Amino acid sequence: MYNYTKFDKDFVATRALQFRDQVQRRIDGSLTEDEFKPLRLMNGLYLLLHAYMLRVAIPYGTLSSQQMEALADIADRWDKGYAHFSTRQNIQYHWPKLQDVPDILEALAAVDMHAIQTSGACIRSVTSDHFAGAAADELADPRPTAELVRQWSTDHPEFAFLPRKFKVAVTGSLNDRAVTKFHDIGLRLVQNANGARGYEVSVGGGLGRTPMIGKVLRDFLHQADLLPYLEAVLQVYNQIGRRDNKYKARIKITVHEHGLEDIRQWVEENFALQRPRFGGADQEVLARIEADFKPPAFKNAPIGQFEARRAQDPFFKAFTKTNLHPHKNPDYAIVTVSLKAHGATPGDVSSAQMRALADIAKRWSHNELRVSHEQNIILPHVHKGDLPEVYNALRLAGLATANIGLISDLIACPGMDYCDLATARSTNVAQGIALRFDALKQEHNIGLLKLKISGCINACGHHHVGHIGILGLEKGGVESYQVTLGGDGTQNAAIGQPAGKGFSADEIVPAIERLIMAYLSLRHDAKEAFLETFRRLGPAPFKAALYPKKDT
Amino acid sequence: MSFENPNLSLSAHVASLNARFENTDTVEMLREIILDPSFGELALVSSFGADSVVLLDMVAKINRALPVIFMDTEMLFHQTLTYQRKLAKDLGLEDVRRIQPSREAVLERDFDNLMHRYDTNACCALRKTEPLKRALAGFGGWISGRKRYQGGARTSMDLFELDAEQRIKINPLAHWSRDDLADYIATHKLPRHPLAAKGFKSIGCAPCTTPVGTVEDERAGRWRGQGKTECGIHFGEVARTVIVTDDGFANDDWVDDFHTFDALPTVETGTLAVDLKGDFPAKNLLQWIDKIDMIRVDFPVFSDGRGFSLACQLRLLGYVGRLRAKGHIVADQYAMARRSGFDEVEIDQALARRQPEPFWQARAKWQANDYQNHLRKAPSQAERPF
């Protein structure tokens with residue numbers, strides 16, 4: 001894991017002090033609310049429907065046990081004893097008081113954490129593959145690049161007041177778990193024909209009200225050119241991105257309006273200017289970061305307990321079927337801990353559960369945890385021989401739900417219960433679907449299915465990339481839920497297509513049930529996932545299930 | 001000699017007027033200005049307040065028909081209205097224009113006339129600044145009765161200034177003392193404002209004016225306890241902006257004109273300064289880059305960060321002259337401005353009052369904690385931050 005240098009520590013400590021001063025100046029009136037707003041947003045502080053919300057950065061989703069414990073302490077001391085893991089690999093506290101926030105930032109700084117750039121029209125906290133450094137299918141660990149980008153983008157003097165927010169994601173695997181094609185900039189670690197390390201750079205992807213798939217701006221960028229190239233892209237965007245309409249201000253619209261070719265030419269011109277500014281220290285820093293991310297000392301031990309427990313405990317077996325992912329060390333597994341117990345609010349976790357996770361990671365996962373954009377917690381390095389004990393500990397903490405990748409492992413934004421942008425509730429739909437399919441005892445039979453729910457057109461629940469997406473709108477004062485089909489956030493990126501008119505809050509769960517039942521009858525066999533069946537047959541049979549003809 | 005010298009820029013013109021009248025008697029200066037047609041039409045803006053009678057008397061003796069603009073905010077003391085009618089009659093003023101705020105705007109923004117209780121700045125804008133701006137449209141210049149001894153931003157004002165609309169503003173009494181005024185009023189046996197005897201030394205709107213003690217500043221009774229010292233009609237003068245550098249606040253030492261890029265002079269002049277908008281393509285300035293002495297980049301609103309990238313690009317293209325960020329920049333952005341390549345920041349008085357020097361000084365050590373700088377160094381020179 002990355003170890004903060006003295007430079008990093010000084011930075012976050014100074015930043016917390018500055019925010020203390022800014023809060024004071026807001027309270028005494030020398031900063032107007034308009035002027036305070038971007039300052040608090042750059043420190044992760046939102047004003048929501050009921051209260052302030054503090055969004056703490058978990059860069060590229062990596063946490064140590066000590067950091068998880070500190071997050072639990074903050075939840076107890078300054079919030080209501082729980083927190084919410086978001087779809088951006090962040091953690092959110094929904095009830096802090098403004099005057100307490102400087103203390104919270106200091107508590108974060110003490111464990112090398114911060115809330116910097118988790119909000120506001122700046123380069124946001126960089127995200128990555130939640131299996132990074134552990135997955136068997138990985139070409140290279142994306143986290144050193146992500147950390148380098150974090151350092152470069154932190155407090156960048158040019159890019160704190162962009163036309164709109166700007167999100168960067170990095171993946172090191174062909175199986176894109178970081179949704180890079182739907183980011184403002186997506187970086188994919190690649191090698192060229194000569195074996196040189198570099199990046200494929202995509203630009204202009206995004207969800208929200210105008211979903212777009214990122215376009216390749218450079219198919220190969222040398223590793224050492226990354227920062228000056230990013231700087232060039234951001235400079236072009238900063239100067240020509242639209243500022244007259246916030247719904248047209250993201251770089252996806254800039255690329256769409258000017259065309260990829262023009263953007264590429266301007267970026268290359270700027271890149272030529274920027275390149276000489278970088279003297280090479282960045283690569284030295286990168287090398288040091290890479291050393292920090294070297295794999296932990298994996299143990300050599302028997303895995304017999306794992307197989308034995310699987311043979312005798314069907315619950316454990318179900319858990320290992322859904323919640324494990326292949327590790328690059330065959331004796332190890334990546335364990336995904338579901339924060340989607342049936343009927344619970346996706347992503348919510350109590351301080352006691354956070355401490356339990358910290359303790360489990362300390363004992364059995366080399367002190368490491370990950371947060372996924374799918375709102376789950378990952379134990380990246382668990383020796384298979386330890387899995388029975390890990391499972392027991394998770395069960396004790398109420399964290400052993402065996403539903404990863406299944407329909408109840410869904411993403412939902414906080415919706416109208418918390419968010420002042422939302423036009424419909426989303427957690428009630430999420431709970432309704434999870435409970436219904438749990439009652440039907442069908443979800444293991446249904447298999448891999450990404451269901452995602454957004455409570456408004458801003459798409460925080462990523463419904464566009466759900467195999468099944470649900471978008472909650474408001475029509476004539478009533479909640480109306482629109483279904484989209486066929487979205488995919490991986491390397492085979494696709495935007496879900498609307499199936500037809502919306503459903504009321506009472507109709508939406510039965511409609512999803514009809515849709516799933518249709519899939520079960522249409523699929524070749526149990527190996528063909530929903531998305532594959534959809535791609536094979538097209539939308540027609542699914543629309544027919546959603547909107548059955550009434551008997552006359 | 002005519003005042004109209006096409007070879008002189010406006011600010012140079014103002015500077016030459018200041019030099020010319022530096023030692024001229026006030027009445028003589030007023031006579032020359034009022035009778036010189038090259039100024040265009042002039043107006044006297046008067047509050048009919050505590051000392052207004054001095055300037056009104058001088059002007060009336062030169063030209064009774066000179067337009068006198070009287071700002072009736074509809075919040076004035078009734079004594080002021082009575083006094084205004086009496087003075088107009090006694091001095092024989094022929095063209096007093098009583099200017100009131102727009103009906104629609106008052107109905108829309110201050111229907112209960114209570115705005116002064118919760119937002120004095122917005123109230124002054126509605127009732128004074130905006131109506132005056134309309135009333136002055138078409139005038140070539142205006143005369144104001146401000147005095148340097150009144151303190152605050154007035155301490156350093158000149159006889160001639162440019163206002164925000166690039167109009168000449170004349171302060172004939174700038175150098176007058178309180179005693180000078182009292183002497184003039186006594187010598188000419190002029191009537192005083194009825195409230196002057198009750199301890200009011202500066203008189204504005206009734207809700208926001210209180211009497212002052214004998215040792216207080218004359219204007220201490222205006223917006224008492226609010227940290228506000230001007231209504232707004234005297235803001236925006238070119239000479240009144242504040243320049244922020246690492247050393248703190250300073251007056252602007254740049255006296256020459258700024259040109260827009262499209263109007264850059266084609267012949268070589270002494271110094272060359274240009275105003276740029278944030279979306280200006282830096283490369284278009286390439287052929288000028290070593291000829292320009294000063295570039296000023298506009299920040300219309302602090303959340304518009306285009307200017308930071310423009311500054312960076314100008315530096316990368318080789319510009320080494322002065323680089324200034326102008327407009328709505330908040331103290332918390334000072335380090336960003338410096339790191340992007342700016343030398344200094346230009347802000348107006350209102351912002352400087354709300355965000356005083358210590359706020360900016362708190363960010364003066366802009367080199368500290370700079371991630372980008374430590375990533376850009378050469379490996380051999382890189383200080384080891386770890």
# chains A, B, ... in the order shown; residues from 1 in each chain; ligands from 1

call {"tool": "residues_around", "arguments": {"residues": "segment 313-323 of chain B", "least_positions_apart": "5", "cutoff": "10 Å", "atoms": "only C-alpha atoms", "output": "ChimeraX atom specification"}}
result
/A:235,270,273-274,276-277 /B:273-274,281-283,285-286,288-297,307-308,337-338,340-345

call {"tool": "closest_atom_pairs", "arguments": {"of": "chain B", "to": "chain A", "cutoff": "6 Å", "atoms": "only C-alpha atoms", "output": "CSV"}}
result
residue,atom,partner,partner_atom,distance
B:Asp279,CA,A:Gln239,CA,5.3
B:Ser303,CA,A:Phe161,CA,5.5
B:Asp304,CA,A:Phe161,CA,6.0
B:Gly305,CA,A:Phe161,CA,4.6
B:Arg306,CA,A:Gln239,CA,5.1
B:Phe308,CA,A:Glu158,CA,5.0
B:Ser309,CA,A:Glu158,CA,5.5
B:Met336,CA,A:Pro157,CA,4.2
B:Arg354,CA,A:Ser30,CA,5.6
B:Asn369,CA,A:Phe11,CA,5.6
B:Gln372,CA,A:Trp152,CA,5.5
B:Leu375,CA,A:Asp282,CA,4.5
B:Arg376,CA,A:Phe278,CA,4.2
B:Lys377,CA,A:Gly279,CA,4.9
B:Ala378,CA,A:Gly279,CA,3.9
B:Pro379,CA,A:Ala281,CA,4.4
B:Pro385,CA,A:Phe7,CA,5.4
B:Phe386,CA,A:Thr5,CA,4.9

call {"tool": "closest_residue", "arguments": {"among": "A:Leu189, A:Ala51, A:Leu396, A:Ile457", "to": "Ala424 of chain A", "atoms": "only C-alpha atoms"}}
result
A:Ile457

call {"tool": "residues_around", "arguments": {"residues": "Ile34 of chain B", "least_positions_apart": "5", "cutoff": "8 Å", "atoms": "only C-alpha atoms", "output": "VMD selection string"}}
result
chain B and resid 42 62 to 63

call {"tool": "select_by_dssp", "arguments": {"residues": "segment 162-322 of chain B", "states": "alpha helix (DSSP H)", "output": "ChimeraX atom specification"}}
result
/B:178-187,306-316

call {"tool": "atom_distance", "arguments": {"atom1": "atom CA of Asn251 of chain B", "atom2": "atom CA of Leu44 of chain B"}}
result
27.4 Å

call {"tool": "residues_around", "arguments": {"residues": "segment 167-177 of chain A", "least_positions_apart": "6", "cutoff": "8 Å", "atoms": "only C-alpha atoms", "output": "compact mmCIF listing (two decimals) with C-alpha atoms, in the first residue's frame"}}
result
# COMPACT_ATOMS: atom_id res chain seq x y z
CA ILE A 123 -10.40 16.67 -10.97
CA ARG A 124 -12.15 14.21 -8.68
CA SER A 125 -10.66 11.47 -6.58
CA VAL A 126 -9.26 8.94 -9.05
CA THR A 127 -10.87 5.49 -9.22
CA SER A 128 -9.57 2.11 -10.25
CA ASP A 129 -10.15 -1.64 -10.38
CA HIS A 130 -11.19 -2.82 -6.91
CA ALA A 132 -6.10 -4.22 -8.44
CA ASP A 137 -6.39 -11.53 -15.00
CA GLU A 138 -4.38 -8.38 -14.32
CA LEU A 139 -1.65 -7.21 -16.73
CA ALA A 140 -0.24 -4.62 -14.34
CA ASP A 141 -1.29 -3.00 -11.08
CA PRO A 142 -3.12 0.24 -11.98
CA ARG A 143 -2.77 1.75 -8.50
CA THR A 145 -0.61 5.23 -11.91
CA ALA A 146 -3.73 6.16 -9.99
CA HIS A 183 -15.15 8.43 -17.40
CA ASP A 184 -14.00 11.85 -18.57
CA ILE A 185 -10.63 10.22 -19.01
CA GLY A 186 -10.16 6.46 -18.94
CA LEU A 187 -6.66 5.02 -18.77
CA ARG A 188 -5.92 1.44 -19.69
CA LEU A 189 -2.46 0.09 -18.96
CA VAL A 190 -1.02 -1.42 -22.16
CA GLY A 489 -19.90 -0.85 -18.07
CA THR A 490 -17.05 -3.20 -19.02
CA GLN A 491 -14.66 -3.26 -21.98

call {"tool": "closest_residue", "arguments": {"among": "B:Met29, B:Leu35, B:Ala15, B:Ile203", "to": "Leu81 of chain B", "atoms": "only C-alpha atoms"}}
result
B:Ile203

call {"tool": "residues_around", "arguments": {"residues": "Ala364 of chain B", "least_positions_apart": "5", "cutoff": "10 Å", "atoms": "only C-alpha atoms", "output": "list in words"}}
result
Val244, Thr245, Asp246, Asp247, Gly248, Ala331, Tyr334, Ala335, Arg338, Pro358 and Phe359 of chain B

call {"tool": "residues_around", "arguments": {"residues": "Leu485 of chain A", "least_positions_apart": "2", "cutoff": "7 Å", "atoms": "only C-alpha atoms", "output": "PDB file with C-alpha atoms, in the first residue's frame"}}
result
ATOM      1  CA  HIS A 467     -27.874  -4.984 -17.645  1.00  0.00           C
ATOM      2  CA  ILE A 468     -31.187  -3.820 -16.295  1.00  0.00           C
ATOM      3  CA  GLY A 469     -31.360  -0.142 -15.402  1.00  0.00           C
ATOM      4  CA  VAL A 483     -36.548   0.517 -17.394  1.00  0.00           C
ATOM      5  CA  GLY A 487     -26.231  -1.589 -20.585  1.00  0.00           C
ATOM      6  CA  GLY A 496     -28.864   0.637 -21.909  1.00  0.00           C
ATOM      7  CA  GLN A 497     -31.835   1.372 -24.151  1.00  0.00           C
ATOM      8  CA  PRO A 498     -35.185   2.518 -22.725  1.00  0.00           C
ATOM      9  CA  ALA A 499     -37.740  -0.258 -22.908  1.00  0.00           C
TER      10      ALA A 499
END

call {"tool": "closest_residue", "arguments": {"among": "B:Val54, B:Glu346, B:Arg98, B:Ala125", "to": "Leu190 of chain B", "atoms": "only C-alpha atoms"}}
result
B:Val54

call {"tool": "select_by_dssp", "arguments": {"residues": "segment 171-369 of chain B", "states": "strand (DSSP E)", "output": "ChimeraX atom specification"}}
result
/B:242-245,248-251,259-260,273-276,294-299,322-327,344-347

call {"tool": "write_last_selection", "arguments": {"atoms": "C-alpha atoms", "output": "PDB file, in the first residue's frame"}}
result
ATOM      1  CA  VAL B 242      -6.007  47.148  -5.099  1.00  0.00           C
ATOM      2  CA  ILE B 243      -3.008  45.226  -6.351  1.00  0.00           C
ATOM      3  CA  VAL B 244      -2.199  42.072  -4.378  1.00  0.00           C
ATOM      4  CA  THR B 245       1.304  40.633  -4.440  1.00  0.00           C
ATOM      5  CA  GLY B 248       0.337  42.390   0.456  1.00  0.00           C
ATOM      6  CA  PHE B 249      -1.878  45.206  -0.789  1.00  0.00           C
ATOM      7  CA  ALA B 250      -0.604  48.144  -2.827  1.00  0.00           C
ATOM      8  CA  ASN B 251      -1.960  50.849  -5.083  1.00  0.00           C
ATOM      9  CA  HIS B 259      -5.586  47.725 -24.989  1.00  0.00           C
ATOM     10  CA  THR B 260      -7.827  44.962 -26.170  1.00  0.00           C
ATOM     11  CA  ALA B 273      -0.332  46.411 -22.099  1.00  0.00           C
ATOM     12  CA  VAL B 274      -3.170  44.163 -23.181  1.00  0.00           C
ATOM     13  CA  ASP B 275      -6.419  42.964 -21.616  1.00  0.00           C
ATOM     14  CA  LEU B 276      -7.324  39.352 -22.392  1.00  0.00           C
ATOM     15  CA  MET B 294       1.851  43.792 -19.186  1.00  0.00           C
ATOM     16  CA  ILE B 295      -0.939  41.275 -19.743  1.00  0.00           C
ATOM     17  CA  ARG B 296      -4.074  41.484 -17.665  1.00  0.00           C
ATOM     18  CA  VAL B 297      -6.389  38.475 -17.705  1.00  0.00           C
ATOM     19  CA  ASP B 298     -10.025  38.983 -16.791  1.00  0.00           C
ATOM     20  CA  PHE B 299     -11.789  36.831 -14.184  1.00  0.00           C
ATOM     21  CA  ARG B 322       4.075  41.314 -15.974  1.00  0.00           C
ATOM     22  CA  LEU B 323       1.055  39.060 -15.777  1.00  0.00           C
ATOM     23  CA  ARG B 324      -1.937  40.195 -13.792  1.00  0.00           C
ATOM     24  CA  ALA B 325      -5.205  38.495 -12.861  1.00  0.00           C
ATOM     25  CA  LYS B 326      -8.012  41.024 -12.611  1.00  0.00           C
ATOM     26  CA  GLY B 327     -11.532  40.813 -11.293  1.00  0.00           C
ATOM     27  CA  GLU B 344      -0.173  39.842  -9.124  1.00  0.00           C
ATOM     28  CA  VAL B 345      -3.910  40.123  -8.664  1.00  0.00           C
ATOM     29  CA  GLU B 346      -6.069  43.201  -9.159  1.00  0.00           C
ATOM     30  CA  ILE B 347      -9.239  43.446  -7.083  1.00  0.00           C
TER      31      ILE B 347
END

call {"tool": "atom_distance", "arguments": {"atom1": "atom CA of Ala110 of chain A", "atom2": "atom CA of Leu394 of chain A"}}
result
27.8 Å

call {"tool": "atom_distance", "arguments": {"atom1": "atom CA of Ser64 of chain A", "atom2": "atom CA of Thr320 of chain A"}}
result
23.6 Å
